[in-house]
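Here is start_38.txt, consisting of compact mmCIF, C-alpha atoms:
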```txt
# COMPACT_ATOMS: atom_id res chain seq x y z
CA MET A 1 29.92 -46.28 -21.55
CA LEU A 2 30.40 -45.45 -17.91
CA PHE A 3 29.95 -49.11 -16.97
CA ILE A 4 32.62 -50.14 -19.50
CA LYS A 5 35.07 -47.60 -18.05
CA LEU A 6 34.34 -48.85 -14.54
CA MET A 7 34.95 -52.48 -15.52
CA ARG A 8 38.23 -51.61 -17.25
CA TRP A 9 39.38 -49.71 -14.15
CA LEU A 10 38.50 -52.64 -11.90
CA ARG A 11 40.39 -55.10 -14.12
CA GLY A 12 43.30 -52.71 -14.79
CA TYR A 13 44.65 -51.53 -18.15
CA VAL A 14 48.01 -50.58 -19.72
CA CYS A 15 48.84 -47.73 -22.08
CA PHE A 16 51.54 -48.79 -24.56
CA SER A 17 53.59 -47.53 -27.47
CA ALA A 18 55.05 -49.62 -30.32
CA SER A 19 57.83 -48.55 -32.74
CA ASP A 20 60.15 -50.00 -35.40
CA GLY A 21 59.62 -53.42 -37.05
CA PHE A 22 56.52 -54.37 -38.98
CA PRO A 23 53.39 -52.91 -37.39
CA GLU A 24 51.00 -54.77 -39.77
CA ARG A 25 52.45 -58.16 -38.78
CA PHE A 26 52.30 -57.14 -35.11
CA LEU A 27 48.59 -56.25 -35.36
CA ASN A 28 47.81 -59.50 -37.20
CA LEU A 29 49.55 -61.56 -34.51
CA CYS A 30 47.67 -59.68 -31.76
CA ASN A 31 44.37 -60.29 -33.57
CA GLN A 32 45.10 -64.02 -33.91
CA THR A 33 45.99 -64.23 -30.22
CA GLY A 34 42.70 -62.46 -29.25
CA ILE A 35 44.29 -59.45 -27.57
CA ALA A 36 41.82 -56.58 -27.00
CA MET A 37 43.05 -53.09 -27.91
CA TRP A 38 41.30 -49.73 -28.02
CA GLN A 39 42.08 -46.06 -28.70
CA VAL A 40 44.81 -47.09 -31.18
CA SER A 41 46.43 -44.09 -32.89
CA TRP A 42 49.57 -43.19 -34.85
CA GLN A 43 52.03 -40.40 -34.12
CA GLY A 44 54.62 -40.45 -36.87
CA CYS A 45 56.07 -43.98 -36.93
CA ASN A 46 54.93 -44.79 -33.40
CA MET A 47 51.70 -46.57 -32.57
CA HIS A 48 49.88 -45.85 -29.29
CA GLY A 49 46.99 -47.71 -27.71
CA ILE A 50 45.49 -49.26 -24.60
CA THR A 51 45.01 -52.91 -23.62
CA ASP A 52 44.15 -54.79 -20.47
CA ARG A 53 46.90 -55.99 -18.13
CA HIS A 54 46.68 -59.62 -19.31
CA GLY A 55 46.68 -58.51 -22.94
CA PHE A 56 49.90 -56.54 -22.47
CA ALA A 57 51.71 -59.68 -21.20
CA ALA A 58 50.54 -61.60 -24.29
CA MET A 59 51.35 -58.66 -26.54
CA GLN A 60 55.02 -58.95 -25.63
CA GLN A 61 55.09 -62.44 -27.21
CA CYS A 62 53.74 -60.98 -30.46
CA ALA A 63 56.19 -58.07 -30.56
CA ALA A 64 59.39 -60.14 -30.94
CA PRO A 65 58.49 -61.94 -34.26
CA ALA A 66 57.40 -58.60 -35.77
CA GLY A 67 60.54 -56.74 -34.62
CA ILE A 68 58.46 -54.29 -32.60
CA ALA A 69 59.89 -52.35 -29.67
CA LEU A 70 57.01 -52.46 -27.15
CA LYS A 71 56.91 -50.12 -24.16
CA ALA A 72 54.36 -49.55 -21.38
CA THR A 73 53.72 -45.81 -20.95
CA GLY A 74 51.23 -46.05 -18.08
CA LYS A 75 49.41 -48.49 -15.84
CA ARG A 76 45.97 -47.65 -14.48
CA GLY A 77 43.29 -49.38 -12.47
CA LEU A 78 42.56 -51.05 -9.14
CA PRO A 79 45.03 -53.98 -9.40
CA PHE A 80 47.97 -51.63 -9.94
CA ALA A 81 46.82 -49.31 -7.13
CA VAL A 82 46.59 -52.23 -4.71
CA HIS A 83 49.92 -53.60 -5.90
CA ALA A 84 51.63 -50.29 -5.13
CA TYR A 85 50.56 -50.56 -1.48
CA ARG A 86 50.97 -54.32 -1.12
CA LYS A 87 53.63 -53.93 1.59
CA ARG A 88 51.62 -51.38 3.61
CA THR A 89 49.38 -53.84 5.39
CA GLY A 90 48.46 -51.32 8.07
CA LEU A 91 46.97 -48.95 5.49
CA LEU A 92 44.97 -51.72 3.83
CA ALA A 93 43.77 -52.95 7.22
CA GLY A 94 42.72 -49.40 8.13
CA VAL A 95 40.70 -49.07 4.92
CA ALA A 96 39.01 -52.40 5.60
CA VAL A 97 38.19 -51.44 9.20
CA CYS A 98 36.85 -48.07 8.01
CA MET A 99 34.56 -49.73 5.45
CA ILE A 100 33.27 -52.24 8.01
CA THR A 101 32.72 -49.46 10.57
CA LEU A 102 30.74 -47.36 8.09
CA ALA A 103 28.66 -50.39 7.12
CA VAL A 104 27.79 -51.03 10.77
CA LEU A 105 27.13 -47.37 11.60
CA SER A 106 24.90 -46.90 8.54
CA SER A 107 22.35 -49.23 10.14
CA MET A 108 22.06 -46.99 13.25
CA VAL A 109 20.31 -43.73 14.08
CA TRP A 110 22.81 -40.87 13.96
CA THR A 111 20.64 -37.80 14.54
CA ILE A 112 17.19 -37.11 16.05
CA GLU A 113 15.22 -34.01 15.04
CA VAL A 114 11.91 -32.65 16.38
CA GLN A 115 9.68 -30.51 14.14
CA GLY A 116 6.36 -28.74 14.74
CA ASN A 117 6.44 -28.22 18.53
CA GLU A 118 5.59 -24.72 19.78
CA THR A 119 4.79 -24.96 23.49
CA ILE A 120 5.96 -28.49 24.32
CA ALA A 121 9.68 -28.61 25.09
CA THR A 122 11.88 -30.61 22.74
CA GLU A 123 13.58 -32.26 25.74
CA GLU A 124 10.21 -33.55 26.98
CA ILE A 125 9.41 -35.08 23.60
CA LEU A 126 12.83 -36.72 23.32
CA GLN A 127 12.52 -38.08 26.88
CA VAL A 128 9.20 -39.78 26.07
CA LEU A 129 10.56 -41.31 22.87
CA GLN A 130 13.76 -42.38 24.59
CA GLU A 131 11.62 -44.46 26.93
CA GLN A 132 10.27 -46.15 23.77
CA GLY A 133 13.83 -47.00 22.66
CA LEU A 134 14.60 -44.11 20.28
CA ARG A 135 18.10 -42.83 21.04
CA LEU A 136 21.37 -42.19 19.26
CA GLY A 137 23.17 -45.36 18.23
CA VAL A 138 20.10 -47.65 18.22
CA ARG A 139 19.68 -49.95 15.20
CA ARG A 140 16.96 -48.83 12.81
CA ASN A 141 15.54 -52.31 12.24
CA SER A 142 14.87 -52.64 16.00
CA LEU A 143 12.45 -49.69 15.99
CA ASP A 144 8.70 -49.70 15.33
CA PRO A 145 7.96 -46.09 14.31
CA ARG A 146 4.17 -46.51 14.25
CA ALA A 147 3.94 -48.03 17.73
CA MET A 148 6.38 -45.45 19.11
CA ALA A 149 4.33 -42.58 17.64
CA GLU A 150 1.05 -43.89 19.09
CA THR A 151 2.53 -44.38 22.57
CA ALA A 152 4.25 -40.98 22.55
CA GLN A 153 1.08 -39.20 21.43
CA GLN A 154 -0.83 -40.68 24.37
CA ALA A 155 1.94 -39.75 26.81
CA LEU A 156 2.21 -36.15 25.63
CA PRO A 157 -0.86 -34.01 26.51
CA GLY A 158 -1.75 -31.36 23.98
CA VAL A 159 -0.43 -33.24 20.91
CA GLY A 160 -2.95 -33.57 18.07
CA TRP A 161 -0.91 -36.03 16.03
CA LEU A 162 2.66 -37.29 16.02
CA THR A 163 4.68 -39.40 13.62
CA VAL A 164 8.23 -40.81 13.62
CA ASN A 165 9.96 -40.98 10.23
CA LEU A 166 13.25 -42.81 9.66
CA ARG A 167 15.11 -41.12 6.82
CA GLY A 168 18.39 -42.90 6.27
CA SER A 169 20.32 -42.59 9.51
CA SER A 170 18.17 -39.71 10.79
CA ALA A 171 14.99 -39.93 12.88
CA VAL A 172 12.58 -37.02 12.29
CA ILE A 173 9.73 -36.52 14.78
CA GLU A 174 6.90 -34.43 13.31
CA LEU A 175 3.95 -33.32 15.44
CA ARG A 176 1.12 -30.81 15.64
CA GLU A 177 -0.18 -29.36 18.87
CA GLU A 178 -3.84 -28.93 19.76
CA HIS A 179 -5.08 -25.36 20.30
CA SER A 180 -8.18 -25.04 22.46
CA VAL A 181 -10.19 -21.97 21.46
CA GLN A 182 -12.75 -22.04 24.26
CA PRO A 183 -12.43 -23.73 27.68
CA TRP A 184 -15.51 -25.93 27.27
CA LEU A 185 -16.68 -28.00 30.20
CA THR A 186 -17.36 -31.69 29.95
CA THR A 187 -20.78 -32.46 28.47
CA ASP A 188 -21.78 -34.84 31.27
CA GLN A 189 -22.55 -32.02 33.74
CA PRO A 190 -25.27 -29.33 33.54
CA GLN A 191 -24.09 -26.05 32.07
CA HIS A 192 -25.22 -22.81 30.45
CA ILE A 193 -23.77 -21.13 27.39
CA ILE A 194 -23.08 -17.45 27.98
CA ALA A 195 -21.49 -14.70 25.90
CA ALA A 196 -17.76 -14.30 26.41
CA LYS A 197 -17.95 -10.72 25.05
CA ALA A 198 -20.47 -8.26 23.68
CA GLY A 199 -21.58 -8.41 20.06
CA GLN A 200 -24.37 -8.83 17.50
CA ILE A 201 -25.46 -12.42 16.82
CA ARG A 202 -24.82 -13.53 13.22
CA ILE A 203 -24.82 -17.35 13.53
CA PHE A 204 -26.71 -19.33 16.16
CA GLU A 205 -26.86 -23.13 16.07
CA LEU A 206 -28.46 -24.75 19.14
CA TYR A 207 -27.51 -28.36 19.79
CA GLN A 208 -28.90 -28.83 23.30
CA GLY A 209 -30.72 -26.65 25.83
CA ALA A 210 -33.17 -23.80 25.46
CA ALA A 211 -32.45 -20.80 23.20
CA GLU A 212 -32.42 -17.41 24.91
CA ILE A 213 -31.49 -15.28 21.88
CA MET A 214 -32.29 -14.90 18.19
CA LEU A 215 -30.32 -13.96 15.10
CA GLY A 216 -29.59 -10.26 14.99
CA ASP A 217 -29.85 -9.75 18.75
CA ALA A 218 -27.26 -7.59 20.48
CA VAL A 219 -25.87 -9.22 23.59
CA TYR A 220 -23.60 -8.03 26.35
CA ALA A 221 -20.72 -9.92 27.93
CA GLY A 222 -22.11 -12.55 30.28
CA ALA A 223 -25.54 -12.68 28.64
CA LEU A 224 -27.29 -16.07 28.66
CA LEU A 225 -27.30 -17.60 25.16
CA ALA A 226 -28.38 -21.21 25.72
CA ASN A 227 -30.11 -22.25 28.92
CA GLY A 228 -29.29 -25.58 30.53
CA ARG A 229 -32.35 -25.33 32.86
CA ILE A 230 -35.40 -26.50 30.89
CA LEU A 231 -39.01 -26.28 32.07
CA ASN A 232 -40.99 -29.50 31.75
CA LEU A 233 -44.72 -29.71 31.02
CA ASP A 234 -45.46 -30.59 34.65
CA GLU A 235 -43.88 -27.32 35.80
CA THR A 236 -40.70 -29.09 36.98
CA PHE A 237 -37.21 -28.43 35.70
CA ARG A 238 -34.56 -30.65 34.21
CA TYR A 239 -30.93 -29.78 33.72
CA VAL A 240 -28.82 -30.55 30.65
CA ALA A 241 -25.40 -29.65 29.32
CA ALA A 242 -26.35 -26.82 26.98
CA ASP A 243 -24.40 -26.78 23.74
CA ALA A 244 -24.49 -24.20 20.96
CA TYR A 245 -22.37 -22.58 18.27
CA VAL A 246 -22.68 -18.79 18.51
CA VAL A 247 -20.87 -16.38 16.19
CA ALA A 248 -21.23 -12.63 16.71
CA ARG A 249 -19.88 -9.48 15.15
CA THR A 250 -17.70 -8.02 17.87
CA VAL A 251 -15.55 -4.97 18.43
CA VAL A 252 -11.84 -5.74 18.49
CA ALA A 253 -9.46 -3.43 20.31
CA GLY A 254 -5.90 -3.90 21.41
CA HIS A 255 -2.61 -2.16 21.80
CA GLY A 256 1.09 -2.72 22.29
CA GLU A 257 3.55 -0.28 23.74
CA ALA A 258 7.23 0.09 24.55
CA ALA A 259 9.18 2.53 26.70
CA ARG A 260 12.02 4.59 25.27
CA SER A 261 14.20 4.06 28.33
CA SER A 262 14.37 0.68 30.03
CA GLN A 263 16.66 -1.47 32.13
CA VAL A 264 18.09 -4.35 30.08
CA HIS A 265 20.76 -6.96 30.54
CA ARG A 266 23.52 -7.12 27.96
CA LEU A 267 25.11 -10.50 27.41
CA ALA A 268 28.90 -10.57 27.75
CA PRO A 269 30.79 -13.56 26.31
CA GLY A 270 33.05 -15.66 28.54
CA ARG A 271 35.07 -18.81 28.03
CA THR A 272 34.24 -21.25 25.24
CA ARG A 273 34.49 -25.00 25.72
CA TYR A 274 34.04 -27.82 23.27
CA ARG A 275 32.66 -31.33 23.48
CA LEU A 276 33.07 -34.07 20.88
CA GLN A 277 30.21 -36.54 20.52
CA LEU A 278 30.16 -39.83 18.62
CA LEU A 279 26.63 -41.24 18.87
CA ASN A 280 26.12 -41.57 22.67
CA PHE A 281 29.81 -41.24 23.55
CA THR A 282 31.01 -37.80 24.66
CA ILE A 283 34.57 -36.51 25.00
CA PRO A 284 34.72 -33.16 26.89
CA PHE A 285 37.57 -30.72 26.34
CA GLY A 286 38.05 -28.72 29.51
CA ARG A 287 35.97 -28.45 32.66
CA GLN A 288 32.33 -27.57 32.04
CA GLY A 289 31.18 -24.50 33.96
CA ASP A 290 27.90 -23.85 35.72
CA ASP A 291 27.21 -20.44 34.16
CA THR A 292 24.57 -19.77 31.54
CA THR A 293 25.80 -20.98 28.17
CA ILE A 294 24.88 -20.75 24.52
CA ASP A 295 25.12 -24.21 22.98
CA THR A 296 25.90 -24.66 19.30
CA THR A 297 26.19 -28.02 17.55
CA PHE A 298 28.12 -28.67 14.34
CA HIS A 299 27.49 -32.00 12.60
CA LEU A 300 30.09 -33.51 10.30
CA GLN A 301 28.68 -33.87 6.79
CA LEU A 302 30.01 -36.00 3.96
CA ALA A 303 28.53 -35.54 0.48
CA GLY A 304 25.47 -33.87 2.05
CA ARG A 305 24.92 -36.74 4.50
CA ILE A 306 25.05 -36.10 8.25
CA MET A 307 27.69 -38.25 9.94
CA PRO A 308 27.44 -39.54 13.55
CA LEU A 309 30.16 -37.14 14.69
CA ALA A 310 29.26 -33.77 16.20
CA LEU A 311 31.13 -30.94 17.86
CA HIS A 312 29.28 -29.08 20.64
CA ARG A 313 30.40 -25.56 21.54
CA HIS A 314 29.47 -24.15 24.95
CA SER A 315 29.96 -20.40 25.19
CA GLU A 316 29.59 -18.97 28.69
CA ILE A 317 27.70 -15.71 28.97
CA THR A 318 27.05 -13.26 31.78
CA ALA A 319 24.20 -10.75 32.02
CA GLN A 320 25.27 -7.18 32.79
CA PRO A 321 22.58 -4.57 33.61
CA GLN A 322 22.52 -1.59 31.31
CA GLN A 323 20.24 1.37 30.63
CA ARG A 324 18.93 1.28 27.06
CA ILE A 325 17.70 4.35 25.17
CA LEU A 326 15.86 3.56 21.95
CA THR A 327 15.78 5.69 18.82
CA ASP A 328 12.42 6.59 17.28
CA ARG A 329 12.74 3.77 14.75
CA GLN A 330 13.71 1.20 17.37
CA LEU A 331 10.92 2.40 19.66
CA GLN A 332 8.29 1.95 16.94
CA LEU A 333 9.58 -1.54 16.08
CA ALA A 334 9.53 -2.58 19.75
CA ALA A 335 5.95 -1.38 20.16
CA ALA A 336 4.93 -3.12 16.93
CA ALA A 337 6.48 -6.41 18.11
CA GLU A 338 4.57 -6.22 21.41
CA PHE A 339 1.37 -5.36 19.54
CA PHE A 340 1.60 -8.29 17.11
CA ASN A 341 2.30 -10.74 19.93
CA ARG A 342 -0.86 -9.62 21.73
CA ALA A 343 -2.91 -9.44 18.54
CA TYR A 344 -2.01 -13.02 17.59
CA THR A 345 -3.11 -14.32 20.99
CA HIS A 346 -6.47 -12.50 20.99
CA THR A 347 -7.46 -12.64 17.30
CA ARG A 348 -6.08 -15.95 15.98
CA ALA A 349 -9.56 -17.53 16.30
CA ALA A 350 -11.40 -14.50 14.84
CA GLN A 351 -12.24 -13.52 11.29
CA MET A 352 -11.27 -9.87 10.93
CA LEU A 353 -13.76 -7.73 8.99
CA GLU A 354 -12.19 -4.29 9.29
CA GLN A 355 -9.36 -2.75 11.22
CA THR A 356 -7.57 0.53 11.80
CA ILE A 357 -4.06 0.68 13.25
CA THR A 358 -2.55 3.90 14.59
CA VAL A 359 0.87 4.65 16.05
CA ASP A 360 1.32 7.16 18.87
CA LEU A 361 4.93 8.27 19.39
CA THR A 362 5.98 10.50 22.34
CA GLN A 363 9.21 11.33 24.12
CA ASP A 364 8.73 8.53 26.64
CA TYR A 365 6.95 5.72 24.83
CA ALA A 366 5.41 4.44 21.59
CA ARG A 367 1.99 2.82 21.37
CA VAL A 368 0.36 0.87 18.53
CA VAL A 369 -3.45 0.81 18.80
CA LEU A 370 -5.92 -1.44 16.94
CA HIS A 371 -9.63 -0.72 16.41
CA GLY A 372 -11.75 -3.02 14.29
CA ALA A 373 -14.53 -5.53 13.95
CA ALA A 374 -14.54 -9.31 13.58
CA TYR A 375 -16.64 -12.45 13.60
CA GLU A 376 -15.92 -14.50 16.73
CA ASN A 377 -17.29 -17.55 18.47
CA ILE A 378 -18.46 -15.99 21.74
CA GLY A 379 -20.09 -19.07 23.28
CA PHE A 380 -18.65 -19.86 26.68
CA ALA A 381 -19.69 -22.77 28.91
CA VAL A 382 -20.29 -22.26 32.64
CA ALA A 383 -21.44 -24.85 35.14
CA ILE A 384 -24.89 -24.42 36.68
CA ALA A 385 -24.40 -23.57 40.35
CA GLY A 386 -26.22 -25.33 43.17
CA ASP A 387 -27.60 -28.84 43.54
CA VAL A 388 -29.23 -29.94 40.31
CA GLN A 389 -30.67 -33.18 39.01
CA THR A 390 -30.12 -34.27 35.41
```

Please express the file's structure as C-alpha cells.
Amino acid sequence: MLFIKLMRWLRGYVCFSASDGFPERFLNLCNQTGIAMWQVSWQGCNMHGITDRHGFAAMQQCAAPAGIALKATGKRGLPFAVHAYRKRTGLLAGVAVCMITLAVLSSMVWTIEVQGNETIATEEILQVLQEQGLRLGVRRNSLDPRAMAETAQQALPGVGWLTVNLRGSSAVIELREEHSVQPWLTTDQPQHIIAAKAGQIRIFELYQGAAEIMLGDAVYAGALLANGRILNLDETFRYVAADAYVVARTVVAGHGEAARSSQVHRLAPGRTRYRLQLLNFTIPFGRQGDDTTIDTTFHLQLAGRIMPLALHRHSEITAQPQQRILTDRQLQLAAAAEFFNRAYTHTRAAQMLEQTITVDLTQDYARVVLHGAAYENIGFAVAIAGDVQT
C-alpha cells in the first residue's frame, strides 16, 4: 500500500468533484476510456474522487456529453510541486547541488573515534593512523582497515590488539592495552626467581631451574624460590633462566588519606571562542588565545546520523589559588577516592580472600585503611650477578 501511494505521488494525482448532468453516463464514458479513479464518494448530488493527472485531462472530454460540471479541487504530487517552482531555476539548481554534494560526502570519512585506550594518548593513536592515510575527508574505498590496524599495532608499544572499523561515514578505532603484572626479564639470560613479598606458598609450578621451596612453606620478601644456578654431576655449575609460577597467600594492607584543609586552584572562566570545521577545513571566529582552554565539540546530526560539520568551542580558563576546607562528608569521600585508586593499582592482579576496611576521621584528616589476605603471584625475576656461563 505504501508503494502504491509513493508511485501515485511521483506521477501526480488530481482530486475532483462532479455535479449536475447524468453521473451514470459520465462513469460509463470514463470506464470505456480507461480512466483510473479511486476513493469515489457521494455527498448529496456531488460526486468526489481522485484520478491521475493524465486521467483528469481525459475526464474533461467525458464530462461534456454527460452534462457534468467537472472541477479540480486539489492537485498533489511531484510533477505539480516541480511545476510550481519551474521559474525558480536557482532553487532547483541548489537542490541538485546539495544532492550531489551529499552523495560525494557520503563516500568519505566524517568522524574518527578512539575507544579502549587508558594510558596511550588519543592524539598519539590518531597520529600513527594518519600516517597510514586515515584522516577526515578521505574516501572510504581507498582505505584498507586490516592493513592499517596491523601497522598501527606494531607502531604503538603496549597495545595488545587494535582494529579499525568503518561504520558508515565514521571510523571507529578499538584497542586493548597490555598490562604487565610482573617485570620479567628476557629468558635468554641467567636469572633467579625470588619472592616479591612475604607469604605462604599455595601453588608452585617449576618450569626451569632448581626448586628451593615446597608447597606450604612460608617465605619472606626476597627469598629464593627457583635457582638459576644448577649443580652438575661433575661438581661444576651451569646457569639457566629460572622460570616458575608461584602463588602465595599474602597479607594485603593499604590506606588512602585526605587533608581537611588544602591549597587548591579554582578554575575561573574567561572568553569563549568558536571554530567551525567542515572535514579538514577550519573557519576560526576570533583570535585564538594561548591560555588553558576547555574544548567542547558539537557535531551536526541529521536523523541520528553525524554530519561532517562540527562546531568547536574553546573556553579560556585561569587557575586561582584558594584555601579549601572540606566537610566531614567531603573529607571521607576524598579519602575513599584516594584509597580506591591505590587499591586498584596494588590489588588488580590479586585474588582477595578476606578484607577489613576502617575509616579514621579526625579534625585534620581522614584515613581509609585496608587489612586483608589474598592469593598473589609473588614470583619475581632477577638477573644473576657476576660473570656466568650458560

### Task
Take CA of Ala259 (chain A) and CA of Asp364 (chain A) and report the distance between them in Å, one decimal.
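These atoms are spaced 6.0 Å apart.
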
Go through region 291-352 of chain A residue by residue and, counting only C-alpha atoms, keep those with an atom at most 12 Å from region 135-147 of chain A; for each kept residue give the shortest atom pair and its distance in Å to one decimal, ordered by chain and increasing number, as a tab-separated table.
```
residue	atom	partner	partner_atom	distance
A:Met307	CA	A:Gly137	CA	11.8
A:Pro308	CA	A:Gly137	CA	8.6
A:Leu309	CA	A:Leu136	CA	11.1
A:Ala310	CA	A:Leu136	CA	11.9
```

Write out the residues from the selection above, keeping C-alpha atoms, as a JSON list (two decimals), keeping the file's coordinate frame.
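File written: selection39.json
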```json
[["chain", "number", "residue", "atom", "x", "y", "z"],
["A", 307, "MET", "CA", 27.69, -38.25, 9.94],
["A", 308, "PRO", "CA", 27.44, -39.54, 13.55],
["A", 309, "LEU", "CA", 30.16, -37.14, 14.69],
["A", 310, "ALA", "CA", 29.26, -33.77, 16.20]]
```

#### Entry: Gly216 (chain A) surroundings by only C-alpha atoms, 12 Å radius, close-in-sequence under 5 positions cut, as JSON, numbers by chain
{"A": [199, 200, 201, 202, 203, 204, 246, 247, 248, 249]}

### Task
Skip region 18-33 of chain A itself and residues of its chain fewer than 2 positions away, then list as a PyMOL selection string all residues within 12 Å of it, counting all atoms listed in the file.
chain A and resi 15-16+35-37+40-51+54-73

Go ahead and dump the residues you just picked, C-alpha atoms, as a compact mmCIF listing (two decimals), in the coordinates of the input.
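Everything below was put into part.txt:
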```txt
# COMPACT_ATOMS: atom_id res chain seq x y z
CA CYS A 15 48.84 -47.73 -22.08
CA PHE A 16 51.54 -48.79 -24.56
CA ILE A 35 44.29 -59.45 -27.57
CA ALA A 36 41.82 -56.58 -27.00
CA MET A 37 43.05 -53.09 -27.91
CA VAL A 40 44.81 -47.09 -31.18
CA SER A 41 46.43 -44.09 -32.89
CA TRP A 42 49.57 -43.19 -34.85
CA GLN A 43 52.03 -40.40 -34.12
CA GLY A 44 54.62 -40.45 -36.87
CA CYS A 45 56.07 -43.98 -36.93
CA ASN A 46 54.93 -44.79 -33.40
CA MET A 47 51.70 -46.57 -32.57
CA HIS A 48 49.88 -45.85 -29.29
CA GLY A 49 46.99 -47.71 -27.71
CA ILE A 50 45.49 -49.26 -24.60
CA THR A 51 45.01 -52.91 -23.62
CA HIS A 54 46.68 -59.62 -19.31
CA GLY A 55 46.68 -58.51 -22.94
CA PHE A 56 49.90 -56.54 -22.47
CA ALA A 57 51.71 -59.68 -21.20
CA ALA A 58 50.54 -61.60 -24.29
CA MET A 59 51.35 -58.66 -26.54
CA GLN A 60 55.02 -58.95 -25.63
CA GLN A 61 55.09 -62.44 -27.21
CA CYS A 62 53.74 -60.98 -30.46
CA ALA A 63 56.19 -58.07 -30.56
CA ALA A 64 59.39 -60.14 -30.94
CA PRO A 65 58.49 -61.94 -34.26
CA ALA A 66 57.40 -58.60 -35.77
CA GLY A 67 60.54 -56.74 -34.62
CA ILE A 68 58.46 -54.29 -32.60
CA ALA A 69 59.89 -52.35 -29.67
CA LEU A 70 57.01 -52.46 -27.15
CA LYS A 71 56.91 -50.12 -24.16
CA ALA A 72 54.36 -49.55 -21.38
CA THR A 73 53.72 -45.81 -20.95
```

Axis-aligned box for region 226-243 of chain A, 8 Å per side, centre and edges in Å as AutoDock Vina command-line options:
```
--center_x -34.9 --center_y -25.9 --center_z 30.4 --size_x 37.1 --size_y 25.4 --size_z 29.2
```

### Task
Compile the contact shell of region 115-118 of chain A as number ranges by chain: residues with an atom at most 10 Å away, counting all atoms listed in the file, same-chain residues fewer than 4 positions apart removed.
A: 122, 125, 159, 162, 172-177

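Between CA of Arg348 (chain A) and CA of Val369 (chain A) the separation is 17.2 Å.
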
### Query
Expressed in Å to a single decimal, how great is the separation between CA of Tyr365 (chain A) and CA of Ala319 (chain A)?
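CA of Ala319 (chain A) lies 24.9 Å from CA of Tyr365 (chain A).
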
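Proximity ranking of A:Arg342, A:Arg76, A:Ala385, A:Glu354 relative to Arg53 (chain A) places A:Arg76 first, based on only C-alpha atoms.
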
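Within 8 Å of the point (28.3, -33.3, 21.8), counting only C-alpha atoms, the protein and nucleic acid residues come to Arg275, Leu276, Gln277, Leu278, Thr282, Ile283, Thr297, Ala310, Leu311 and His312 of chain A.
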
### Pick from A:Glu124, A:Glu316, A:Thr111, A:Gly228 nearest to Phe298 (chain A), counting only C-alpha atoms
A:Thr111

### Task
May I have the residues within 7 Å of Thr318 (chain A) as a count of residues only, using only C-alpha atoms and disregarding those fewer than 2 positions away in the same chain?
6

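Shell of Asn341 (chain A) at 12 Å, with only C-alpha atoms counted and residues fewer than 4 places along the chain excluded, is Gly254, His255, Gly256, Glu257, Ala334, Ala335, Ala336, Ala337, Thr345, His346, Thr347, Arg348 and Val368 of chain A.
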